[in-house]
Amino acid sequence: MTGTTRSVLRLILAASVALAAMAAGPVSAQQTKVRLGAQTIGDYIAAYMGQEYGIYAKHGLDVTIQPITISTLAAASLMSGSLDLATSTVPDMIQAVENGIDLVAISGIGVLAPHGGTRSGVVVQPDVNIVKASDFVGKKVGISALGGLLHILFQNYLMENGVDPQKVTYVEIPIPSHFDAMKSHSVDAVVTADPMMARILATKVGKEVLAFGQAVPPNTITAAITSTRDYANKNPAVIAKFRQAWQEATDLALSDPEKARAAMVKYLKLPAPVAATINMPLTLSTSITLKQLLWWQDIMRKQNLIQGKTDLSKVILP
């Protein structure tokens with residue numbers, strides 16, 4: 001090989017590297033930073049799969065996921081500007097809107113279903129005699145957030161079975177601590193959800209007495225991706241890209257159970273044997289309807305959590 005040939009090859013190589021850098025540069029520059037708040041709950045696994053499998057980046061988004069330890073903090077974090085988007089339970093979103101916080105739902109996350117998917121319900125101590133609603137009277141029950149989704153569902157179950165919810169003692173315990181609370185016998189029962197529910201049942205620390213999916217109307221929506229209306233109005237392109245990414249991540253979670261389980265192990269810190277017990281496919285859904293929101297508004301009004309005068313049709317972002 002002559003010196004001239006070597007020089008030409010070096011120039012070609014240098015040009016190729018430069019062109020590659022130029023091609024990569026704009027993609028990186030075009031990516032929009034988004035701060036997404038999410039709880040470590042099975043139904044929210046699409047949030048983590050979007051990051052793990054490069055789905056956000058594919059849609060031009062540089063998403064940073066920030067953990068939300070208590071669901072009721074999502075609205076405050078959005079209002080303060082510390083988050084751009086957040087996973088919010090539907091009751092939390094409705095309560096926030098009722099209190100004058102202008103939130104919008106940009107996508108659904110999941111639903112409760114009679115069979116399959118991630119579970120939520122009540123598990124009790126193996127040696128505690130609780131088999132029906134009236135047995136909870138005088139008992140100490142762990143709740144992730146007073147006035148939160150699981151608390152509301154539990155109180156609705158009690159009320160529908162003629163039990164006064166005020167006759168139960170509630171202890172606020174974050175879901176990640178439910179296993180320890182049951183193991184230490186500091187409560188008689190916990191109202192919880194997968195993956196924690198799966199862990200408690202798999203280790204026989206508790207036994208299931210109530211599955212919410214069998215105690216509510218079909219396709220009862222549980223959570224939504226929310227933002228402030230101001231953020232959504234100012235960033236329509238970001239919202240559109242995120243909706244596309246969220247749908248793709250949701251579809252992947254539904255179509256590839258093993259990838260969903262792997263993400264649960266990595267991001268939700270769930271032991272692989274426990275992740276294997278999660279029912280698949282998950283009951284995920286990106287749709288939101290006014291009928292779904294009105295069901296929640298009705299039972300929240302009955303529990304005196306809200307006045308129930310808000311026009312919820314305005315909450316769903318077109």
# chains A, B, ... in the order shown; residues from 1 in each chain; ligands from 1
$ closest_atom_pairs --of "region 131-160 of chain A" --to "region 92-105 of chain A" --cutoff "9 Å" --atoms "only C-alpha atoms" --output "Markdown table"
| residue | atom | partner | partner_atom | distance |
| --- | --- | --- | --- | --- |
| A:Gly147 | CA | A:Asp92 | CA | 8.3 |
| A:Gly148 | CA | A:Asp92 | CA | 6.5 |
| A:Leu149 | CA | A:Asp92 | CA | 7.3 |
$ write_last_selection --atoms "N, CA and C atoms" --output "mmCIF file, in the first residue's frame"
data_model
loop_
_atom_site.group_PDB
_atom_site.id
_atom_site.type_symbol
_atom_site.label_atom_id
_atom_site.label_comp_id
_atom_site.auth_asym_id
_atom_site.auth_seq_id
_atom_site.Cartn_x
_atom_site.Cartn_y
_atom_site.Cartn_z
ATOM 1 N N GLY A 147 -56.869 8.203 52.547
ATOM 2 C CA GLY A 147 -57.569 8.940 51.501
ATOM 3 C C GLY A 147 -57.073 8.624 50.105
ATOM 4 N N GLY A 148 -56.131 7.673 49.999
ATOM 5 C CA GLY A 148 -55.602 7.266 48.702
ATOM 6 C C GLY A 148 -56.444 6.188 48.055
ATOM 7 N N LEU A 149 -56.018 5.755 46.872
ATOM 8 C CA LEU A 149 -56.796 4.794 46.079
ATOM 9 C C LEU A 149 -57.115 3.520 46.846
#
$ residues_around --residues "Tyr170 (chain A)" --least-positions-apart "5" --cutoff "9 Å" --atoms "only C-alpha atoms" --output "MDAnalysis selection string"
chainID A and resid 139:143 146
$ write_last_selection --atoms "N, CA and C atoms" --output "mmCIF file, in the first residue's frame"
data_model
loop_
_atom_site.group_PDB
_atom_site.id
_atom_site.type_symbol
_atom_site.label_atom_id
_atom_site.label_comp_id
_atom_site.auth_asym_id
_atom_site.auth_seq_id
_atom_site.Cartn_x
_atom_site.Cartn_y
_atom_site.Cartn_z
ATOM 1 N N LYS A 139 -59.887 -4.018 64.118
ATOM 2 C CA LYS A 139 -58.570 -4.477 63.685
ATOM 3 C C LYS A 139 -57.695 -3.292 63.236
ATOM 4 N N LYS A 140 -56.392 -3.534 63.221
ATOM 5 C CA LYS A 140 -55.420 -2.528 62.794
ATOM 6 C C LYS A 140 -54.975 -2.866 61.365
ATOM 7 N N VAL A 141 -55.236 -1.936 60.446
ATOM 8 C CA VAL A 141 -54.986 -2.190 59.021
ATOM 9 C C VAL A 141 -53.993 -1.177 58.464
ATOM 10 N N GLY A 142 -52.957 -1.683 57.812
ATOM 11 C CA GLY A 142 -51.966 -0.816 57.182
ATOM 12 C C GLY A 142 -52.466 -0.291 55.849
ATOM 13 N N ILE A 143 -52.345 1.032 55.656
ATOM 14 C CA ILE A 143 -52.793 1.707 54.439
ATOM 15 C C ILE A 143 -51.636 2.552 53.906
ATOM 16 N N LEU A 146 -53.649 7.485 53.600
ATOM 17 C CA LEU A 146 -55.017 7.753 54.033
ATOM 18 C C LEU A 146 -55.709 8.635 52.997
#
$ closest_residue --among "A:Pro318, A:Gly42, A:Gly54, A:Gly138" --to "Pro236 (chain A)" --atoms "only C-alpha atoms"
A:Pro318
$ residues_around --residues "Ala223 (chain A)" --least-positions-apart "3" --cutoff "8 Å" --atoms "only C-alpha atoms" --output "list in words"
Thr87, Ser88, Thr89, Val90, Gly108, Ile109, Gly110 and Val111 of chain A
$ select_by_dssp --residues "region 111-213 of chain A" --states "strand (DSSP E)" --output "list in words"
Val111, Leu112, Ser120, Gly121, Val122, Val123, Val124, Lys140, Val141, Gly142, Ile143, Thr169, Tyr170, Val171, Glu172, Ala189, Val190, Val191, Thr192, Ala193, Lys207, Glu208, Val209, Leu210 and Ala211 of chain A
$ write_last_selection --atoms "N, CA and C atoms" --output "short mmCIF file (atom, residue, chain, number, x, y, z; two decimals), in the first residue's frame"
data_model
loop_
_atom_site.label_atom_id
_atom_site.label_comp_id
_atom_site.auth_asym_id
_atom_site.auth_seq_id
_atom_site.Cartn_x
_atom_site.Cartn_y
_atom_site.Cartn_z
N VAL A 111 -55.93 -0.76 34.72
CA VAL A 111 -57.30 -0.97 35.20
C VAL A 111 -57.32 -2.16 36.16
N LEU A 112 -58.38 -2.22 36.95
CA LEU A 112 -58.64 -3.39 37.78
C LEU A 112 -59.48 -4.37 36.98
N SER A 120 -54.34 -6.14 43.50
CA SER A 120 -54.41 -5.26 44.66
C SER A 120 -55.55 -5.78 45.52
N GLY A 121 -55.39 -5.62 46.82
CA GLY A 121 -56.42 -6.13 47.71
C GLY A 121 -55.94 -6.10 49.15
N VAL A 122 -56.46 -7.00 49.94
CA VAL A 122 -56.15 -7.03 51.37
C VAL A 122 -55.57 -8.38 51.73
N VAL A 123 -54.44 -8.35 52.43
CA VAL A 123 -53.84 -9.57 52.96
C VAL A 123 -53.81 -9.45 54.48
N VAL A 124 -54.04 -10.55 55.16
CA VAL A 124 -54.11 -10.54 56.63
C VAL A 124 -53.09 -11.51 57.20
N LYS A 140 -56.39 -3.53 63.22
CA LYS A 140 -55.42 -2.53 62.79
C LYS A 140 -54.98 -2.87 61.37
N VAL A 141 -55.24 -1.94 60.45
CA VAL A 141 -54.99 -2.19 59.02
C VAL A 141 -53.99 -1.18 58.46
N GLY A 142 -52.96 -1.68 57.81
CA GLY A 142 -51.97 -0.82 57.18
C GLY A 142 -52.47 -0.29 55.85
N ILE A 143 -52.34 1.03 55.66
CA ILE A 143 -52.79 1.71 54.44
C ILE A 143 -51.64 2.55 53.91
N THR A 169 -59.10 0.63 62.63
CA THR A 169 -57.96 1.49 62.93
C THR A 169 -56.98 1.43 61.76
N TYR A 170 -56.66 2.60 61.20
CA TYR A 170 -55.77 2.66 60.04
C TYR A 170 -54.40 3.17 60.44
N VAL A 171 -53.38 2.52 59.90
CA VAL A 171 -52.00 2.93 60.13
C VAL A 171 -51.37 3.22 58.77
N GLU A 172 -50.85 4.44 58.58
CA GLU A 172 -50.27 4.80 57.29
C GLU A 172 -48.87 4.22 57.16
N ALA A 189 -53.50 -6.51 59.17
CA ALA A 189 -53.67 -6.67 57.73
C ALA A 189 -53.09 -5.45 57.02
N VAL A 190 -52.83 -5.58 55.73
CA VAL A 190 -52.44 -4.43 54.91
C VAL A 190 -53.27 -4.43 53.64
N VAL A 191 -53.59 -3.23 53.19
CA VAL A 191 -54.24 -3.05 51.90
C VAL A 191 -53.12 -2.71 50.94
N THR A 192 -52.83 -3.60 50.00
CA THR A 192 -51.59 -3.47 49.23
C THR A 192 -51.80 -3.83 47.77
N ALA A 193 -50.71 -3.83 47.02
CA ALA A 193 -50.78 -4.11 45.58
C ALA A 193 -49.49 -4.79 45.14
N LYS A 207 -52.09 -13.87 54.03
CA LYS A 207 -53.02 -14.58 53.15
C LYS A 207 -54.05 -13.59 52.60
N GLU A 208 -54.46 -13.81 51.37
CA GLU A 208 -55.39 -12.89 50.70
C GLU A 208 -56.82 -13.15 51.18
N VAL A 209 -57.53 -12.04 51.51
CA VAL A 209 -58.94 -12.17 51.85
C VAL A 209 -59.82 -11.33 50.92
N LEU A 210 -59.20 -10.44 50.16
CA LEU A 210 -59.99 -9.61 49.26
C LEU A 210 -59.15 -9.19 48.06
N ALA A 211 -59.70 -9.41 46.86
CA ALA A 211 -59.08 -8.94 45.62
C ALA A 211 -59.98 -7.84 45.06
#
$ residues_around --residues "His185 (chain A)" --least-positions-apart "3" --cutoff "10 Å" --atoms "only C-alpha atoms" --output "list of chain:residue names"
A:Val124, A:Gln125, A:Phe179, A:Asp180, A:Ala181, A:Met182, A:Asp188, A:Ala189, A:Val205
$ residues_around --residues "Leu158 (chain A)" --least-positions-apart "3" --cutoff "10 Å" --atoms "only C-alpha atoms" --output "number ranges by chain"
A: 132-134, 136-137, 152-155, 161-166, 168
$ residues_around --residues "Ser80 (chain A)" --least-positions-apart "3" --cutoff "12 Å" --atoms "only C-alpha atoms" --output "NGL selection string"
:A and (73-77 or 83-85 or 101 or 227-228 or 231)
$ closest_residue --among "A:Gly50, A:Gly60, A:Pro257, A:Gly206" --to "Ala240 (chain A)" --atoms "only C-alpha atoms"
A:Gly60
$ closest_residue --among "A:Leu78, A:Ile55, A:Ile299, A:Ile239" --to "Ala38 (chain A)" --atoms "only C-alpha atoms"
A:Leu78
$ select_by_dssp --residues "region 103-260 of chain A" --states "helix (DSSP H, G or I)" --output "PyMOL selection string"
chain A and resi 133-136+149-160+165-167+175-183+196-202+212-214+229-234+236-255+257-260
$ atom_distance --atom1 "CA of Val128 (chain A)" --atom2 "CA of Leu201 (chain A)"
15.0 Å
$ closest_residue --among "A:Tyr267, A:Trp246, A:Tyr56, A:Tyr157" --to "Ala215 (chain A)" --atoms "only C-alpha atoms"
A:Tyr157
$ closest_residue --among "A:Gly213, A:Pro218, A:Pro176, A:Pro67" --to "Met197 (chain A)" --atoms "only C-alpha atoms"
A:Pro176
$ closest_residue --among "A:Leu254, A:Ile106, A:Met300, A:Val187" --to "Arg229 (chain A)" --atoms "only C-alpha atoms"
A:Ile106
$ residues_around --residues "Asn219 (chain A)" --least-positions-apart "5" --cutoff "12 Å" --atoms "only C-alpha atoms" --output "JSON, numbers by chain"
{"A": [108, 109, 110, 111, 112, 113, 114, 115, 117, 212, 213, 214, 283, 284, 285, 286, 287, 288, 289, 291, 292, 293, 295]}
$ write_last_selection --atoms "N, CA, C and O atoms" --output "mmCIF file, in the first residue's frame"
data_model
loop_
_atom_site.group_PDB
_atom_site.id
_atom_site.type_symbol
_atom_site.label_atom_id
_atom_site.label_comp_id
_atom_site.auth_asym_id
_atom_site.auth_seq_id
_atom_site.Cartn_x
_atom_site.Cartn_y
_atom_site.Cartn_z
ATOM 1 N N GLY A 108 -53.985 6.949 30.213
ATOM 2 C CA GLY A 108 -54.287 6.000 31.260
ATOM 3 C C GLY A 108 -53.070 5.126 31.527
ATOM 4 O O GLY A 108 -52.099 5.132 30.753
ATOM 5 N N ILE A 109 -53.109 4.372 32.616
ATOM 6 C CA ILE A 109 -52.002 3.475 32.960
ATOM 7 C C ILE A 109 -52.488 2.038 33.096
ATOM 8 O O ILE A 109 -51.955 1.128 32.467
ATOM 9 N N GLY A 110 -53.493 1.831 33.938
ATOM 10 C CA GLY A 110 -53.960 0.472 34.156
ATOM 11 C C GLY A 110 -55.380 0.427 34.676
ATOM 12 O O GLY A 110 -55.964 1.464 35.022
ATOM 13 N N VAL A 111 -55.928 -0.762 34.724
ATOM 14 C CA VAL A 111 -57.296 -0.969 35.204
ATOM 15 C C VAL A 111 -57.320 -2.157 36.156
ATOM 16 O O VAL A 111 -56.405 -2.986 36.175
ATOM 17 N N LEU A 112 -58.382 -2.221 36.946
ATOM 18 C CA LEU A 112 -58.637 -3.389 37.781
ATOM 19 C C LEU A 112 -59.484 -4.369 36.982
ATOM 20 O O LEU A 112 -60.422 -3.965 36.300
ATOM 21 N N ALA A 113 -59.131 -5.615 37.066
ATOM 22 C CA ALA A 113 -59.879 -6.629 36.321
ATOM 23 C C ALA A 113 -60.086 -7.851 37.209
ATOM 24 O O ALA A 113 -59.273 -8.126 38.093
ATOM 25 N N PRO A 114 -61.173 -8.593 36.993
ATOM 26 C CA PRO A 114 -61.469 -9.765 37.838
ATOM 27 C C PRO A 114 -60.377 -10.830 37.798
ATOM 28 O O PRO A 114 -60.125 -11.514 38.779
ATOM 29 N N HIS A 115 -59.722 -10.967 36.643
ATOM 30 C CA HIS A 115 -58.720 -12.027 36.499
ATOM 31 C C HIS A 115 -57.489 -11.489 35.778
ATOM 32 O O HIS A 115 -57.583 -10.642 34.901
ATOM 33 N N GLY A 117 -53.325 -10.068 35.473
ATOM 34 C CA GLY A 117 -52.696 -8.791 35.738
ATOM 35 C C GLY A 117 -52.216 -8.621 37.168
ATOM 36 O O GLY A 117 -52.303 -9.536 37.992
ATOM 37 N N PHE A 212 -59.449 -6.632 44.944
ATOM 38 C CA PHE A 212 -60.277 -5.517 44.500
ATOM 39 C C PHE A 212 -60.807 -5.702 43.085
ATOM 40 O O PHE A 212 -61.881 -5.195 42.749
ATOM 41 N N GLY A 213 -60.060 -6.423 42.249
ATOM 42 C CA GLY A 213 -60.505 -6.630 40.878
ATOM 43 C C GLY A 213 -61.836 -7.351 40.784
ATOM 44 O O GLY A 213 -62.538 -7.250 39.782
ATOM 45 N N GLN A 214 -62.197 -8.069 41.852
ATOM 46 C CA GLN A 214 -63.462 -8.801 41.879
ATOM 47 C C GLN A 214 -64.546 -8.042 42.632
ATOM 48 O O GLN A 214 -65.649 -8.537 42.820
ATOM 49 N N THR A 283 -52.851 -5.950 33.393
ATOM 50 C CA THR A 283 -54.097 -5.276 33.007
ATOM 51 C C THR A 283 -53.807 -3.780 32.806
ATOM 52 O O THR A 283 -54.253 -2.929 33.562
ATOM 53 N N LEU A 284 -53.039 -3.504 31.764
ATOM 54 C CA LEU A 284 -52.659 -2.132 31.450
ATOM 55 C C LEU A 284 -53.559 -1.578 30.357
ATOM 56 O O LEU A 284 -53.988 -2.300 29.459
ATOM 57 N N SER A 285 -53.824 -0.282 30.426
ATOM 58 C CA SER A 285 -54.661 0.372 29.420
ATOM 59 C C SER A 285 -54.337 1.861 29.391
ATOM 60 O O SER A 285 -54.256 2.499 30.438
ATOM 61 N N THR A 286 -54.142 2.399 28.203
ATOM 62 C CA THR A 286 -53.821 3.822 28.069
ATOM 63 C C THR A 286 -55.065 4.685 27.858
ATOM 64 O O THR A 286 -54.959 5.908 27.801
ATOM 65 N N SER A 287 -56.221 4.074 27.767
ATOM 66 C CA SER A 287 -57.448 4.846 27.523
ATOM 67 C C SER A 287 -58.011 5.411 28.822
ATOM 68 O O SER A 287 -57.775 4.869 29.904
ATOM 69 N N ILE A 288 -58.739 6.503 28.704
ATOM 70 C CA ILE A 288 -59.444 7.121 29.837
ATOM 71 C C ILE A 288 -60.814 7.556 29.340
ATOM 72 O O ILE A 288 -60.917 8.210 28.300
ATOM 73 N N THR A 289 -61.858 7.217 30.088
ATOM 74 C CA THR A 289 -63.198 7.663 29.724
ATOM 75 C C THR A 289 -63.819 8.432 30.883
ATOM 76 O O THR A 289 -63.444 8.236 32.047
ATOM 77 N N LYS A 291 -66.787 8.048 31.988
ATOM 78 C CA LYS A 291 -67.528 7.086 32.817
ATOM 79 C C LYS A 291 -66.630 6.506 33.909
ATOM 80 O O LYS A 291 -67.054 6.337 35.059
ATOM 81 N N GLN A 292 -65.390 6.201 33.560
ATOM 82 C CA GLN A 292 -64.453 5.655 34.536
ATOM 83 C C GLN A 292 -64.186 6.654 35.662
ATOM 84 O O GLN A 292 -64.134 6.290 36.838
ATOM 85 N N LEU A 293 -64.006 7.917 35.296
ATOM 86 C CA LEU A 293 -63.727 8.948 36.298
ATOM 87 C C LEU A 293 -64.941 9.213 37.182
ATOM 88 O O LEU A 293 -64.808 9.437 38.388
ATOM 89 N N TRP A 295 -67.188 7.129 38.166
ATOM 90 C CA TRP A 295 -67.349 6.080 39.186
ATOM 91 C C TRP A 295 -66.556 6.446 40.431
ATOM 92 O O TRP A 295 -67.052 6.347 41.555
#
$ atom_distance --atom1 "CA of Pro174 (chain A)" --atom2 "CA of Ile68 (chain A)"
10.6 Å
